[in-house]
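Shown next, in C-alpha cells, is the structure this report addresses.
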Amino acid sequence: MNRLVMGDEKNRVIEKEASQLHQLKQFTKVVADTGDFAEIKQYSPEDSTTNPTLIYKAVAKDEYKHILDKAVTDNRVKSSDSERLVNKIIDNLLILFGLEILNIIPGRVSTEVDARLSFDTKGTVEKAHEIIQMYEDNGITRDRILIKIASTWEGTLAARELEKKGIHCNMTLLFSLPQAIACAEVGATLISPFVGRILDWHKLTMEQYSGVDDPGGDLG
Amino acid sequence: MIRGVISVKEIYNYFKKYNYTTEVMGASFRNTDEIIELAGCDLLTISPDFLRVLMDTELPIERKLSPELARELKMEKVILNEKKFRWLLNEDAMATEKLADGIRCFAIDTQNLGALIKTRL
C-alpha cells in the first residue's frame with residue numbers, strides 16, 4: 001500500500017512503502033537540509049536545517065527574491081549604522097526563511113548563529129537570544145527552534161548557558177568524538193556530526209601527497 | 001567503510017552506551033550510500049537531491065545503528081576539560097582543519113549575504 005504524502009491535487013506525490021526513504025523513516029527521523037523550502041514538501045521531513053551557504057544559494061533564486069526584499073524593506077529605517085543594519089537584515093532574512101519552513105514541517109527548524117561569533121561565547125549567547133526573540137515575536141515557541149552553533153570550546157560554553165534557558169542548540173561543524181562529547185557534557189539538545197566533509201579531507205590530503213595539482217573547488 | 005560514516009557511528013555508539021540524551025543527526029552527505037550506512041541514527045539531515053534518490057529507489061535497507069547494539073560495545077569513557085578538549089582536537093588534523101575551514105566558509109557566505117543586501121539598500 002502506498003501512503004499519500006501530499007494532498008495538493010496538482011502536485012500529488014506518492015511515497016512508496018518500498019522506497020528507501022519510507023524504510024529509513026521507520027527508524028530514523030528524516031530532516032531536510034536546504035534553504036529551498038518549496039522543494040521539501042513532497043518528502044514530508046520532520047525537521048529542517050539551513051546554514052548560511054544554503055540561505056545564500058536560496059536567495060540567489062528568483063523565487064525567493066521577495067523574501068530578501070521583505071527583509072530589506074522591513075529594516076531599512078531601523079538603523080543608520082550600515083554594518084549594524086546589514087547584520088540586522090541578515091538575521092531577519094534567516095528568520096523569514098525559518099518561518100516559511102515551519103509552515104511546511106511539523107517539527108523544528110535550525111537557524112545558525114553568525115559564524116563570525118564562533119570564538120565568542122557572550123556574543124553567541126546574545127545572538128541566540130535575539131533569534132529566539134524574533135521567532136517568539138512571530139508566534140513561534142522556542143521548542144520549535146534549534147540554534148546552530150559551531151562546535152568550538154567557546155560554542156559549547158554558549159550552549160550550556162542557552163540550554164539552561166530552555167533554548168535548544170544544534171552543534172554544527174562537528175568532525176570528531178571529543179567535540180561530540182564536549183557538546184553532550186554541556187547538555188546540548190542535538191549534534192550534527194559531518195560525514196562527507198571528512199572524506200573530502202582525506203581525498204584532498206591523499207591527492208596532495210600524490211602530487212595532484214588543484215583537486216577542485218570546495219564541496220561545501 | 002567510509003571514513004565519515006565510521007566517525008558518526010562511533011559518536012552515536014558512545015552516546016547510547018553512556019546514556020547521553022543529546023540527539024545525533026548525521027549531516028553533510030556526498031552520496032546515498034553514506035546515508036543508508038547510518039540507518040538507525042537518531043536523525044539524518046539530507047539535501048533535496050538525495051531525498052529524491054531515496055524516494056525513487058526501491059531496494060531494501062537494514063538498520064545499522066541501535067541503542068541495544070551500542071550498549072554491547074566496549075568503549076573507553078573520555079573525561080574532558082578545556083585543556084584536554086583543545087589537545088585532542090589539535091591531535092586530529094582533519095577535525096582541526098575542517099572546523100577552521102567550515103567557520104571560514106560560513107563567514108564568507110554570511111559576508112556574501114551582506115554584500116547582496118547592500119546592493120538593495
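Chains: A, B, ... in order of the C-alpha cells. Residues: from 1 per chain. Ligands: from 1, in order shown.
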### Task
Could you list the residues in chain A lying within 7 Å of chain B, using only C-alpha atoms, and format the result as a VMD selection string?
chain A and resid 15 18 to 21 23 to 24 27 to 34 39 to 40 43 52 to 53 56 72 86 90 115 to 116 173 175 to 178 180 182 184 187 to 199 201
### Query
DSSP on the backbone: what in chain A comes out alpha helix (DSSP H), as JSON, numbers by chain?
{"A": [20, 21, 22, 23, 24, 52, 53, 54, 55, 56, 57, 58, 59, 65, 66, 67, 68, 69, 70, 71, 72, 73, 74, 75, 82, 83, 84, 85, 86, 87, 88, 89, 90, 91, 92, 93, 94, 95, 96, 97, 98, 99, 100, 101, 102, 121, 122, 123, 124, 125, 126, 127, 128, 129, 130, 131, 132, 133, 134, 135, 136, 137, 153, 154, 155, 156, 157, 158, 159, 160, 161, 162, 163, 164, 177, 178, 179, 180, 181, 182, 183, 184, 185, 196, 197, 198, 199, 200, 201, 202, 203, 204, 205, 206, 207, 208, 209]}
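Every residue of region 8-118 of chain B found in strand (DSSP E) when DSSP is run on the backbone appears here: Glu23, Val24, Met25, Gly26, Leu43, Leu44, Thr45 and Ile46 of chain B.
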Pull N, CA, C and O atoms from the residues just selected and write them as a short mmCIF file (atom, residue, chain, number, x, y, z; two decimals), in the first residue's frame.
data_model
loop_
_atom_site.label_atom_id
_atom_site.label_comp_id
_atom_site.auth_asym_id
_atom_site.auth_seq_id
_atom_site.Cartn_x
_atom_site.Cartn_y
_atom_site.Cartn_z
N GLU B 23 20.76 14.33 21.00
CA GLU B 23 20.40 13.63 19.76
C GLU B 23 21.54 13.71 18.75
O GLU B 23 22.22 14.74 18.67
N VAL B 24 21.71 12.64 17.98
CA VAL B 24 22.77 12.61 16.96
C VAL B 24 22.14 12.69 15.57
O VAL B 24 21.30 11.85 15.21
N MET B 25 22.53 13.71 14.82
CA MET B 25 22.00 13.91 13.47
C MET B 25 23.14 13.95 12.45
O MET B 25 23.86 14.94 12.35
N GLY B 26 23.32 12.86 11.72
CA GLY B 26 24.34 12.82 10.67
C GLY B 26 24.04 13.89 9.62
O GLY B 26 22.88 14.10 9.27
N LEU B 43 18.67 11.07 13.91
CA LEU B 43 18.20 11.88 12.79
C LEU B 43 19.28 11.91 11.71
O LEU B 43 20.46 11.73 12.00
N LEU B 44 18.84 12.14 10.46
CA LEU B 44 19.79 12.37 9.38
C LEU B 44 19.26 13.57 8.60
O LEU B 44 18.08 13.61 8.25
N THR B 45 20.12 14.56 8.35
CA THR B 45 19.67 15.71 7.56
C THR B 45 20.21 15.60 6.15
O THR B 45 21.41 15.39 5.93
N ILE B 46 19.29 15.65 5.19
CA ILE B 46 19.56 15.22 3.82
C ILE B 46 19.12 16.30 2.83
O ILE B 46 18.05 16.88 2.98
#
### Task
Fewer than 2 positions away in the same chain doesn't count, so skip those; otherwise give me all residues within 9 Å of Leu94 (chain A), counting only C-alpha atoms, as a PyMOL selection string.
chain A and resi 50-52+55+89-92+96-99+111-112+131
### Query
Quick one: residues within 12 Å of Val125 (chain A), only C-alpha atoms counted, chain neighbours fewer than 4 positions away excluded, as a ChimeraX atom specification?
/A:113-114,117-121,129-132,147-149,154-165,167-169
Go ahead and save the residues from that selection, with C-alpha atoms, as a PDB file, in the first residue's frame.
ATOM      1  CA  VAL A 113      24.311  31.959  14.651  1.00  0.00           C
ATOM      2  CA  ASP A 114      26.737  34.174  12.698  1.00  0.00           C
ATOM      3  CA  LEU A 117      30.935  34.593  16.607  1.00  0.00           C
ATOM      4  CA  SER A 118      32.423  31.077  16.684  1.00  0.00           C
ATOM      5  CA  PHE A 119      35.017  32.021  19.322  1.00  0.00           C
ATOM      6  CA  ASP A 120      32.791  34.472  21.218  1.00  0.00           C
ATOM      7  CA  THR A 121      30.687  32.810  23.929  1.00  0.00           C
ATOM      8  CA  HIS A 129      18.535  35.251  22.372  1.00  0.00           C
ATOM      9  CA  GLU A 130      17.908  37.773  19.566  1.00  0.00           C
ATOM     10  CA  ILE A 131      16.999  34.983  17.147  1.00  0.00           C
ATOM     11  CA  ILE A 132      14.636  33.354  19.668  1.00  0.00           C
ATOM     12  CA  ILE A 147      20.128  27.384  17.377  1.00  0.00           C
ATOM     13  CA  LYS A 148      23.088  26.214  15.323  1.00  0.00           C
ATOM     14  CA  ILE A 149      26.456  26.879  16.895  1.00  0.00           C
ATOM     15  CA  GLU A 154      33.534  28.652  23.177  1.00  0.00           C
ATOM     16  CA  GLY A 155      30.471  27.335  21.347  1.00  0.00           C
ATOM     17  CA  THR A 156      29.925  24.577  23.917  1.00  0.00           C
ATOM     18  CA  LEU A 157      30.069  27.137  26.754  1.00  0.00           C
ATOM     19  CA  ALA A 158      27.414  29.198  24.966  1.00  0.00           C
ATOM     20  CA  ALA A 159      25.272  26.072  24.540  1.00  0.00           C
ATOM     21  CA  ARG A 160      25.477  25.359  28.275  1.00  0.00           C
ATOM     22  CA  GLU A 161      24.063  28.820  29.084  1.00  0.00           C
ATOM     23  CA  LEU A 162      21.398  28.654  26.399  1.00  0.00           C
ATOM     24  CA  GLU A 163      20.136  25.183  27.303  1.00  0.00           C
ATOM     25  CA  LYS A 164      19.658  26.379  30.909  1.00  0.00           C
ATOM     26  CA  LYS A 165      17.240  28.964  29.500  1.00  0.00           C
ATOM     27  CA  ILE A 167      16.953  27.417  24.237  1.00  0.00           C
ATOM     28  CA  HIS A 168      17.851  24.303  22.259  1.00  0.00           C
ATOM     29  CA  CYS A 169      21.166  24.042  20.457  1.00  0.00           C
TER      30      CYS A 169
END
Residues near Ile105 (chain A), cut-off 9 Å, only C-alpha atoms, skip fewer than 4 positions along chain, as a compact mmCIF listing (two decimals) with C-alpha atoms, in the first residue's frame:
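For reference, part_33.txt as written:
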# COMPACT_ATOMS: atom_id res chain seq x y z
CA ILE A 40 10.86 19.78 0.59
CA LYS A 41 7.07 19.37 0.97
CA SER A 44 7.48 15.13 4.36
CA PRO A 45 10.52 15.65 6.60
CA GLU A 46 10.06 16.05 10.39
CA ASP A 47 12.59 18.84 10.86
CA SER A 48 14.62 21.06 8.59
CA ILE A 101 9.92 26.31 6.62
CA VAL A 109 13.92 24.37 12.20
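Reported to one decimal place, the separation of CA of Glu37 (chain B) from CA of Leu69 (chain B) is 14.8 Å.
Distance check against Ile181 (chain A) using only C-alpha atoms: of B:Asn13, B:Thr119, B:Asp33, B:Glu72, the minimum falls on B:Asn13.
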